[in-house]
Each structure stands twice: as structure tokens, then as C-alpha cells.
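These notes are about the structure you will find just below.
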Amino acid sequence: MSITLDLSRVSTAPAVKAPVNLSGLTRAGLRQALIDAGVCPPEKAKMRASQVWSWIHHYGVIDFAAMSNVAKDMQAKLAEHFTLARPEVVERQVSKDGTRKWLIRTAPGIEIETVYIPDVGRAGALCVSSQVGCTLNCTFCHTGTQKLVRNLTAAEIVAQVQVARDDLGEWPSPKEDRRLSNIVFMGMGEPLYNLDNVSDAIDIISDNEGIALSRRRITVSTSGVVPQLQALGDRTAAMLAISLHATNDPLRDVLVPLNKKYPLEQLMAAIRAYPGLSNARRVTFEYVMLKGVNDSPEEARALLKLIEGIPAKINLIPFNPWPGVEYECSDWKTIERFAAILNKAGYASPIRTPRGRDILAACGQLKSESEKVRASALRKAEQAAGAEAA
């Protein structure tokens, strides 16, 4: 018996390629894209790219037809080859403390959360994500329980800033009285595992003719990907934050498993060599306070010894519990005693006030807890519909 396959109906047409979002291109990338698409000749590309750049990143437009100093035929060519579309905002929540959280869908199955925290930095900080999911499996972090899906593109990182500025009404880019004054890469993912896209996004966000946020107001937090620290400083000149949480290798191996690959001795040496580190550009050590685990006076003194000689500040983070976790938050008096030891030694050690807990926007809660809440709501809706049908 033979079988003949009829392939006459199988489409041989090439897959339609999605248009490139110009928001994620650096200046050099934008200029080259205009040339490659035949939007303008090479000799005019620098000028045309500057015009388009200003409309995208200073004025925040999402329609090429709004570019009033760009000729109609060029607007048409831009629209034919490119897009400025924002991603879908699936959900927007505002906390009673003013914190805002957006659940953003950038592609089918690709959802990330971005949080704006008022009264942080000069005016307000935006916590952005660099990956969908995470590979680090830090045992105290609920966000880290999610599997890695993929790295975010530069356009998807910049889009988080654009969505926040849309909501805050910050177009065109203000020079004074900004509500969004700082960017922190402290959302989902490990930024140094996506350094190319993070670096391009920082170039775009910090450009003086666009969003124009100073690189000294952009902080990248890492759990300690030692080989990439030098490159991060050289390529971005961003402020550095280290997700530390322990003062010895055995404990940090448990809390931050990446420590098994890059132990504290290697990490501290790389921090001391970070480009531009000085009293004016201090590293921030993030230290989550876990009851009976890392919060004793002895641990505070061990922390001082570990960071001795490094221009630094220490952010003490009250732990945000989640269902099934074995850790508890340190008592407030214990946290204050820990901070007092650090302060006495001359280190600024603010205790981070938990923000946005009522909308699941606090440190370590991003995405995973929200997904559970949405799934629960969906189940309840389905149950209610089933009961009505019965």
C-alpha cells in the first residue's frame, strides 16, 4: 500500500515579517534602518533620523502622520516599513500609596510588569524588567519562581518607559518637575544576561534629545554576573546595584544560587573594579531582611567587613512573604538595630518602605503573584457561570 501526499494546498508564501518598532533602535540603528528601507538617501539619513528621533523620544508620538516637519511621502514610507505602536496594557492598577503598576503584553504570551514608585530618587522611579521570567531561582523571591521565557528586546524595555510616561502625562519630555526621574532595572529577570538590549535601551533612554534621563539616574541591579560587570560599566556608565542578601558563601549559595558560580570573593573584586566607582557614584547593596537568617548584629558587622573600602550605601528591604515560602520578615526593631550598626560605621542604610503591596507591586512580587490572582479570578468567574447555567 502506498500513500501519496497532496501538497498542492500547502502555502509556500514567505512568513510575513512584523514591522520593526523604531522605538528600540539606537541613533545609529535608526539612521541605518532609514537607509536600508529606502526612506531617504544616505546623505540625508542623519538629519532625517534626528527628526524622527525627536518625534519618538521627545514628543512621544505613535503615528508617523503626527510628524509635522516630515514630508508626506516620507511619512508614508515610514508607515509602510516601520511601526511606533505601544504594547497592549492588559491591566493598570494604582495603589493607595500612589504606586502604579502596569501589566504589559508585548507579544502573544509575552507579559511583563512595570512599576512606578513616587517619591523615590529625585521625584519618582520606574522599576523595569529585562527578561520574561528568570533563571536565578533566588529562594526568597517569588518573581524568581517563574521559568525564563526569553530576553526582552530594547524596544520592549523602552516601551515600559513610554507606557509609564503616557500614563503620567510626561510628553514632551520635561526638563524640570519630572514625575519620572529615575529608572531602576530591578524588575523581572537578570539584566546582565541581556546586556546588549539593556545597553541599547539605556542609550535610548539617556539621549539628551529624547527622554533625556541622566545615566546617573539609571541603576542596573544584578545578582552578581561577575564576567559582565566591567562591560556594564564600560558600555552604559549606569549606577550599579548588587542583590547581596548574605555575607558568607554558604548562606548566599542558598539565598542566591548564582553565588555557587561566582562566589563573594570574585564578586567583591569585580565590584571594586567597577568603572567610575567613587563617592559620587556609589554602589548600592540590596539586602533583604529575613528573620533569624541574615539579620543579627553579627551579620551587620560581617557586612561592614565585606564591603570595607567600597563607596557604598545599603538598602535594607523588609521581606515580602508569599504563600509557601519558608522565610519570614525580620521584626522592625531588629531591622532598625541592623541599620544603626551600619549607620554608625558611616554607611547610609535606608530601610525601604514597602510600596504597592495592595496591588502586588512590592519587591519580589512581580508577575508571579499577579498571575495567581488572575487565575483565581478566572476560576471564580467560570464557576459562577457554571452555576448559572445549571
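Order determines the names: the first chain of the C-alpha cells is A, the second B, and so forth; residues in each chain are numbered 1 upward, and ligands are numbered 1 upward as they are shown.
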
**Request:** Just list the residues in segment 297-330 of chain A DSSP gives alpha helix (DSSP H) on the backbone, as number ranges by chain.
**Result:** A: 297-306

Could those residues be written to a file, using N, CA, C and O atoms, as a PDB file, in the first residue's frame?
ATOM      1  N   PRO A 297      23.090  41.191  64.673  1.00  0.00           N
ATOM      2  CA  PRO A 297      24.171  42.187  64.752  1.00  0.00           C
ATOM      3  C   PRO A 297      25.488  41.646  64.199  1.00  0.00           C
ATOM      4  O   PRO A 297      26.270  42.384  63.595  1.00  0.00           O
ATOM      5  N   GLU A 298      25.724  40.352  64.389  1.00  0.00           N
ATOM      6  CA  GLU A 298      26.956  39.746  63.861  1.00  0.00           C
ATOM      7  C   GLU A 298      26.982  39.816  62.340  1.00  0.00           C
ATOM      8  O   GLU A 298      28.040  40.075  61.733  1.00  0.00           O
ATOM      9  N   GLU A 299      25.814  39.603  61.721  1.00  0.00           N
ATOM     10  CA  GLU A 299      25.740  39.701  60.258  1.00  0.00           C
ATOM     11  C   GLU A 299      25.964  41.143  59.794  1.00  0.00           C
ATOM     12  O   GLU A 299      26.587  41.376  58.755  1.00  0.00           O
ATOM     13  N   ALA A 300      25.465  42.102  60.563  1.00  0.00           N
ATOM     14  CA  ALA A 300      25.686  43.510  60.213  1.00  0.00           C
ATOM     15  C   ALA A 300      27.172  43.835  60.234  1.00  0.00           C
ATOM     16  O   ALA A 300      27.691  44.516  59.336  1.00  0.00           O
ATOM     17  N   ARG A 301      27.856  43.355  61.241  1.00  0.00           N
ATOM     18  CA  ARG A 301      29.295  43.620  61.337  1.00  0.00           C
ATOM     19  C   ARG A 301      30.068  42.867  60.242  1.00  0.00           C
ATOM     20  O   ARG A 301      31.051  43.385  59.689  1.00  0.00           O
ATOM     21  N   ALA A 302      29.595  41.677  59.896  1.00  0.00           N
ATOM     22  CA  ALA A 302      30.219  40.938  58.801  1.00  0.00           C
ATOM     23  C   ALA A 302      30.018  41.662  57.472  1.00  0.00           C
ATOM     24  O   ALA A 302      30.904  41.663  56.603  1.00  0.00           O
ATOM     25  N   LEU A 303      28.869  42.288  57.312  1.00  0.00           N
ATOM     26  CA  LEU A 303      28.598  43.070  56.102  1.00  0.00           C
ATOM     27  C   LEU A 303      29.556  44.242  55.994  1.00  0.00           C
ATOM     28  O   LEU A 303      30.093  44.531  54.919  1.00  0.00           O
ATOM     29  N   LEU A 304      29.784  44.924  57.106  1.00  0.00           N
ATOM     30  CA  LEU A 304      30.731  46.046  57.113  1.00  0.00           C
ATOM     31  C   LEU A 304      32.125  45.593  56.697  1.00  0.00           C
ATOM     32  O   LEU A 304      32.816  46.279  55.934  1.00  0.00           O
ATOM     33  N   LYS A 305      32.536  44.446  57.182  1.00  0.00           N
ATOM     34  CA  LYS A 305      33.861  43.926  56.836  1.00  0.00           C
ATOM     35  C   LYS A 305      33.925  43.559  55.358  1.00  0.00           C
ATOM     36  O   LYS A 305      34.939  43.805  54.685  1.00  0.00           O
ATOM     37  N   LEU A 306      32.834  42.984  54.847  1.00  0.00           N
ATOM     38  CA  LEU A 306      32.803  42.548  53.449  1.00  0.00           C
ATOM     39  C   LEU A 306      32.942  43.717  52.476  1.00  0.00           C
ATOM     40  O   LEU A 306      33.642  43.615  51.467  1.00  0.00           O
TER      41      LEU A 306
END

Can I get the residues of segment 62-155 of chain A within 8 Å of segment 254-258 of chain A, each with the closest pair of atoms and their distance in Å to one decimal, using only C-alpha atoms, sorted chain first then ascending number, as a tab-separated table?
residue	atom	partner	partner_atom	distance
A:Leu136	CA	A:Leu258	CA	6.4
A:Asn137	CA	A:Pro257	CA	6.9
A:Cys138	CA	A:Val256	CA	4.7
A:Thr139	CA	A:Leu255	CA	5.3
A:Phe140	CA	A:Leu255	CA	6.6

Could those residues be written to a file, using N, CA and C atoms, as a PDB file, in the first residue's frame?
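Writing done, so here's part08.pdb:
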ATOM      1  N   LEU A 136      17.357  32.646  37.944  1.00  0.00           N
ATOM      2  CA  LEU A 136      18.234  32.680  39.117  1.00  0.00           C
ATOM      3  C   LEU A 136      17.728  31.877  40.305  1.00  0.00           C
ATOM      4  N   ASN A 137      16.426  31.727  40.430  1.00  0.00           N
ATOM      5  CA  ASN A 137      15.842  30.899  41.497  1.00  0.00           C
ATOM      6  C   ASN A 137      16.273  31.306  42.896  1.00  0.00           C
ATOM      7  N   CYS A 138      16.365  32.612  43.141  1.00  0.00           N
ATOM      8  CA  CYS A 138      16.645  33.082  44.494  1.00  0.00           C
ATOM      9  C   CYS A 138      15.499  32.614  45.391  1.00  0.00           C
ATOM     10  N   THR A 139      15.826  31.993  46.507  1.00  0.00           N
ATOM     11  CA  THR A 139      14.807  31.264  47.266  1.00  0.00           C
ATOM     12  C   THR A 139      13.820  32.157  48.002  1.00  0.00           C
ATOM     13  N   PHE A 140      14.137  33.441  48.153  1.00  0.00           N
ATOM     14  CA  PHE A 140      13.243  34.355  48.861  1.00  0.00           C
ATOM     15  C   PHE A 140      12.371  35.155  47.902  1.00  0.00           C
TER      16      PHE A 140
END

Would you write out, as CSV, a table of all residues in segment 150-248 of chain A that have an atom no more than 6 Å from an atom of segment 123-133 of chain A, listing for each the closest atom pair and the distance in Å to one decimal, considering only C-alpha atoms and ordering rows by chain and rising residue number?
residue,atom,partner,partner_atom,distance
A:Arg150,CA,A:Val132,CA,5.5
A:Asn151,CA,A:Gln131,CA,4.4
A:Leu152,CA,A:Gln131,CA,5.0
A:Arg179,CA,A:Ala123,CA,5.4
A:Leu180,CA,A:Gly124,CA,4.9
A:Ser181,CA,A:Gly124,CA,5.5
A:Asn182,CA,A:Ala125,CA,4.5
A:Ile183,CA,A:Leu126,CA,5.0
A:Val184,CA,A:Cys127,CA,4.9
A:Phe185,CA,A:Val128,CA,5.2
A:Met186,CA,A:Cys127,CA,5.7
A:Gly187,CA,A:Ser129,CA,4.1
A:Met188,CA,A:Ser129,CA,4.6
A:Gly189,CA,A:Gln131,CA,4.5
A:Pro191,CA,A:Ser130,CA,5.5

**Message:** Please identify the strand (DSSP E or B) residues within segment 23-241 of chain A (assignment by DSSP from backbone atoms) and present them as a ChimeraX atom specification.
**Reply:** /A:82-83,88-94,100-107,110-118,124-127,131-132,150-151,182-185,218-222,239-241

**Request:** Kindly indicate which residue among A:Lys313, A:Arg235, A:His142, A:Arg352 lies nearest to Asp200 of chain A, using only C-alpha atoms for the distances.
**Result:**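 Counting only C-alpha atoms, the residue closest to Asp200 of chain A is A:Arg235.
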
**Asked** To one decimal place, how far is atom CA of Val288 of chain A from atom CA of Ile157 of chain A in Å?
**Response**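 Between atom CA of Val288 of chain A and atom CA of Ile157 of chain A the gap works out to 25.7 Å.
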
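Close contacts of Ala45 of chain A, defined as residues with an atom at most 7 Å away when counting only C-alpha atoms, with chain neighbours fewer than 4 positions off set aside, comprise Arg31, Leu34, Ile35, Cys40, Pro41 and Ala49 of chain A.
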
With N, CA, C and O atoms kept, could you save the residues just selected as an mmCIF file, in the first residue's frame?
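This went into again14.cif:
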data_model
loop_
_atom_site.group_PDB
_atom_site.id
_atom_site.type_symbol
_atom_site.label_atom_id
_atom_site.label_comp_id
_atom_site.auth_asym_id
_atom_site.auth_seq_id
_atom_site.Cartn_x
_atom_site.Cartn_y
_atom_site.Cartn_z
ATOM 1 N N ARG A 31 19.291 55.461 11.908
ATOM 2 C CA ARG A 31 19.830 56.036 10.670
ATOM 3 C C ARG A 31 20.004 54.948 9.608
ATOM 4 O O ARG A 31 19.607 55.131 8.449
ATOM 5 N N LEU A 34 16.622 53.640 8.139
ATOM 6 C CA LEU A 34 16.026 54.537 7.143
ATOM 7 C C LEU A 34 16.688 54.359 5.781
ATOM 8 O O LEU A 34 16.021 54.391 4.735
ATOM 9 N N ILE A 35 17.995 54.163 5.796
ATOM 10 C CA ILE A 35 18.723 53.949 4.539
ATOM 11 C C ILE A 35 18.316 52.618 3.918
ATOM 12 O O ILE A 35 17.984 52.538 2.722
ATOM 13 N N CYS A 40 15.116 57.368 2.872
ATOM 14 C CA CYS A 40 15.851 58.565 2.480
ATOM 15 C C CYS A 40 17.239 58.153 2.022
ATOM 16 O O CYS A 40 17.728 57.074 2.393
ATOM 17 N N PRO A 41 17.919 58.973 1.219
ATOM 18 C CA PRO A 41 19.268 58.644 0.760
ATOM 19 C C PRO A 41 20.274 58.774 1.907
ATOM 20 O O PRO A 41 20.019 59.493 2.882
ATOM 21 N N ALA A 49 16.947 61.059 10.501
ATOM 22 C CA ALA A 49 16.895 60.247 11.711
ATOM 23 C C ALA A 49 16.756 61.128 12.951
ATOM 24 O O ALA A 49 16.035 60.778 13.894
#

**Prompt:** What is the distance, in Å and to one decimal place, between atom CA of Trp53 of chain A and atom CA of Thr236 of chain A?
**Reply:**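 A separation of 19.8 Å between them.
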
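Look at Ala348 of chain A: the protein and nucleic acid residues within 7 Å of it, using only C-alpha atoms and passing over chain neighbours fewer than 2 places away, are Lys313, Ile314, Asn343, Gly346 and Pro350 of chain A.
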
Write the selection just made, keeping C-alpha atoms, as a tab-separated table (two decimals), in the first residue's frame?
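Contents of result.tsv, as written:
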chain	number	residue	atom	x	y	z
A	313	LYS	CA	25.05	52.53	50.50
A	314	ILE	CA	22.96	49.62	51.76
A	343	ASN	CA	24.90	53.97	60.11
A	346	GLY	CA	29.29	55.79	58.19
A	350	PRO	CA	17.80	53.39	54.48

**Message:** Here is a test: counting only C-alpha atoms, which residue of A:Arg252, A:Lys17, A:Lys44, A:Arg122 is nearest to Leu213 of chain A?
**Reply:** A:Arg122

Polymer residues at most 9 Å from Thr106 of chain A, only C-alpha atoms, same-chain spacing of 4 or more positions, as an mmCIF file with all heavy atoms, in the first residue's frame:
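Once written, part05.cif looks like this:
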data_model
loop_
_atom_site.group_PDB
_atom_site.id
_atom_site.type_symbol
_atom_site.label_atom_id
_atom_site.label_comp_id
_atom_site.auth_asym_id
_atom_site.auth_seq_id
_atom_site.Cartn_x
_atom_site.Cartn_y
_atom_site.Cartn_z
ATOM 1 N N ARG A 86 2.561 51.184 20.657
ATOM 2 C CA ARG A 86 2.807 50.795 22.038
ATOM 3 C C ARG A 86 2.312 49.360 22.237
ATOM 4 O O ARG A 86 1.381 48.905 21.571
ATOM 5 C CB ARG A 86 2.045 51.710 23.005
ATOM 6 C CG ARG A 86 2.445 53.159 22.945
ATOM 7 C CD ARG A 86 3.731 53.413 23.709
ATOM 8 N NE ARG A 86 3.841 54.846 23.980
ATOM 9 C CZ ARG A 86 4.486 55.712 23.193
ATOM 10 N NH1 ARG A 86 5.092 55.281 22.097
ATOM 11 N NH2 ARG A 86 4.541 56.998 23.519
ATOM 12 N N PRO A 87 2.883 48.651 23.192
ATOM 13 C CA PRO A 87 2.332 47.338 23.536
ATOM 14 C C PRO A 87 0.990 47.492 24.235
ATOM 15 O O PRO A 87 0.624 48.583 24.698
ATOM 16 C CB PRO A 87 3.390 46.753 24.481
ATOM 17 C CG PRO A 87 4.053 47.947 25.075
ATOM 18 C CD PRO A 87 4.054 48.997 24.002
ATOM 19 N N GLU A 88 0.265 46.399 24.337
ATOM 20 C CA GLU A 88 -1.047 46.421 24.989
ATOM 21 C C GLU A 88 -0.889 46.498 26.505
ATOM 22 O O GLU A 88 -0.137 45.723 27.099
ATOM 23 C CB GLU A 88 -1.817 45.154 24.623
ATOM 24 C CG GLU A 88 -3.177 45.040 25.305
ATOM 25 C CD GLU A 88 -3.824 43.688 25.087
ATOM 26 O OE1 GLU A 88 -3.225 42.835 24.390
ATOM 27 O OE2 GLU A 88 -4.930 43.475 25.628
ATOM 28 N N VAL A 89 -1.594 47.437 27.124
ATOM 29 C CA VAL A 89 -1.651 47.485 28.585
ATOM 30 C C VAL A 89 -2.833 46.618 29.013
ATOM 31 O O VAL A 89 -3.990 46.998 28.880
ATOM 32 C CB VAL A 89 -1.806 48.928 29.097
ATOM 33 C CG1 VAL A 89 -1.922 48.942 30.623
ATOM 34 C CG2 VAL A 89 -0.616 49.775 28.659
ATOM 35 N N ILE A 110 3.725 36.976 25.862
ATOM 36 C CA ILE A 110 4.826 37.731 26.474
ATOM 37 C C ILE A 110 4.235 38.864 27.301
ATOM 38 O O ILE A 110 3.780 39.873 26.759
ATOM 39 C CB ILE A 110 5.783 38.291 25.406
ATOM 40 C CG1 ILE A 110 6.338 37.169 24.544
ATOM 41 C CG2 ILE A 110 6.915 39.071 26.071
ATOM 42 C CD1 ILE A 110 7.129 36.123 25.299
ATOM 43 N N GLU A 111 4.220 38.681 28.623
ATOM 44 C CA GLU A 111 3.680 39.689 29.526
ATOM 45 C C GLU A 111 4.706 40.036 30.590
ATOM 46 O O GLU A 111 5.391 39.154 31.124
ATOM 47 C CB GLU A 111 2.390 39.185 30.192
ATOM 48 C CG GLU A 111 1.233 39.019 29.222
ATOM 49 C CD GLU A 111 -0.054 38.611 29.920
ATOM 50 O OE1 GLU A 111 -0.003 38.321 31.133
ATOM 51 O OE2 GLU A 111 -1.118 38.584 29.265
ATOM 52 N N ILE A 112 4.798 41.317 30.896
ATOM 53 C CA ILE A 112 5.733 41.803 31.908
ATOM 54 C C ILE A 112 5.021 42.839 32.770
ATOM 55 O O ILE A 112 3.988 43.384 32.380
ATOM 56 C CB ILE A 112 6.985 42.456 31.263
ATOM 57 C CG1 ILE A 112 6.562 43.494 30.195
ATOM 58 C CG2 ILE A 112 7.897 41.409 30.665
ATOM 59 C CD1 ILE A 112 7.718 44.219 29.560
ATOM 60 N N GLU A 156 11.135 46.581 23.728
ATOM 61 C CA GLU A 156 10.231 46.186 24.809
ATOM 62 C C GLU A 156 10.643 46.818 26.138
ATOM 63 O O GLU A 156 9.795 47.097 26.985
ATOM 64 C CB GLU A 156 10.192 44.662 24.921
ATOM 65 C CG GLU A 156 9.469 43.997 23.755
ATOM 66 C CD GLU A 156 9.644 42.500 23.721
ATOM 67 O OE1 GLU A 156 10.732 42.012 24.113
ATOM 68 O OE2 GLU A 156 8.712 41.795 23.278
ATOM 69 N N ALA A 159 9.671 50.486 25.765
ATOM 70 C CA ALA A 159 8.212 50.591 25.789
ATOM 71 C C ALA A 159 7.679 50.717 27.212
ATOM 72 O O ALA A 159 6.657 51.375 27.442
ATOM 73 C CB ALA A 159 7.579 49.378 25.104
#

**Asked** When you draw a straight line from atom CA of Gln146 of chain A to atom CA of Val198 of chain A, how long is it in Å?
**Response**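 Result for atom CA of Gln146 of chain A versus atom CA of Val198 of chain A: 20.4 Å, one decimal.
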
Residues within 12 Å of Ser68 of chain A, please, as a short mmCIF file (atom, residue, chain, number, x, y, z; two decimals) with all heavy atoms, in the first residue's frame. Count only C-alpha atoms; anything in the same chain fewer than 6 positions from it doesn't count.
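Below is the file that was written, result04.cif:
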data_model
loop_
_atom_site.label_atom_id
_atom_site.label_comp_id
_atom_site.auth_asym_id
_atom_site.auth_seq_id
_atom_site.Cartn_x
_atom_site.Cartn_y
_atom_site.Cartn_z
N GLN A 51 15.23 64.02 13.09
CA GLN A 51 13.84 64.47 13.13
C GLN A 51 12.93 63.40 13.71
O GLN A 51 12.13 63.66 14.62
CB GLN A 51 13.37 64.83 11.71
CG GLN A 51 13.96 66.11 11.13
CD GLN A 51 13.49 66.32 9.70
OE1 GLN A 51 13.48 65.39 8.89
NE2 GLN A 51 13.09 67.55 9.39
N VAL A 52 13.06 62.18 13.19
CA VAL A 52 12.21 61.08 13.63
C VAL A 52 12.47 60.77 15.11
O VAL A 52 11.53 60.54 15.88
CB VAL A 52 12.45 59.84 12.75
CG1 VAL A 52 11.70 58.63 13.31
CG2 VAL A 52 12.02 60.11 11.31
N SER A 54 13.42 62.74 17.50
CA SER A 54 12.79 63.74 18.36
C SER A 54 11.30 63.48 18.52
O SER A 54 10.76 63.56 19.62
CB SER A 54 13.02 65.15 17.80
OG SER A 54 12.41 66.11 18.61
N TRP A 55 10.63 63.13 17.42
CA TRP A 55 9.20 62.87 17.50
C TRP A 55 8.90 61.64 18.37
O TRP A 55 7.93 61.62 19.13
CB TRP A 55 8.62 62.67 16.09
CG TRP A 55 8.45 63.95 15.34
CD1 TRP A 55 9.16 64.36 14.25
CD2 TRP A 55 7.52 64.99 15.63
NE1 TRP A 55 8.73 65.60 13.85
CE2 TRP A 55 7.73 66.02 14.68
CE3 TRP A 55 6.55 65.18 16.61
CZ2 TRP A 55 6.99 67.19 14.66
CZ3 TRP A 55 5.80 66.35 16.60
CH2 TRP A 55 6.02 67.34 15.63
N TYR A 59 8.69 63.85 21.88
CA TYR A 59 7.25 64.14 21.84
C TYR A 59 6.38 62.92 22.12
O TYR A 59 5.19 63.07 22.42
CB TYR A 59 6.88 64.75 20.49
CG TYR A 59 7.45 66.13 20.30
CD1 TYR A 59 8.59 66.33 19.52
CD2 TYR A 59 6.87 67.24 20.91
CE1 TYR A 59 9.13 67.59 19.35
CE2 TYR A 59 7.41 68.51 20.75
CZ TYR A 59 8.54 68.68 19.97
OH TYR A 59 9.08 69.93 19.82
N VAL A 61 5.21 60.54 20.06
CA VAL A 61 4.14 60.27 19.10
C VAL A 61 4.09 58.78 18.76
O VAL A 61 5.09 58.07 18.85
CB VAL A 61 4.31 61.10 17.80
CG1 VAL A 61 4.36 62.58 18.11
CG2 VAL A 61 5.54 60.66 17.03
N MET A 74 7.52 60.83 2.86
CA MET A 74 8.39 60.13 3.81
C MET A 74 7.56 59.52 4.94
O MET A 74 7.85 58.41 5.39
CB MET A 74 9.44 61.09 4.38
CG MET A 74 10.39 60.40 5.35
SD MET A 74 11.74 61.48 5.89
CE MET A 74 12.33 60.54 7.32
N GLN A 75 6.52 60.21 5.38
CA GLN A 75 5.62 59.64 6.38
C GLN A 75 5.03 58.33 5.88
O GLN A 75 4.94 57.35 6.63
CB GLN A 75 4.49 60.62 6.71
CG GLN A 75 4.91 61.87 7.47
CD GLN A 75 3.74 62.81 7.69
OE1 GLN A 75 2.59 62.49 7.39
NE2 GLN A 75 4.03 63.99 8.22
#

**Request:** Find the residues near Gly224 of chain A: any atom within 10 Å, counting only C-alpha atoms, skip ones fewer than 3 places away on the same chain, and give them as a ChimeraX atom specification.
**Result:** /A:190,192,221,227-229,241-244,256,258-259,261-264,266-268,270-271
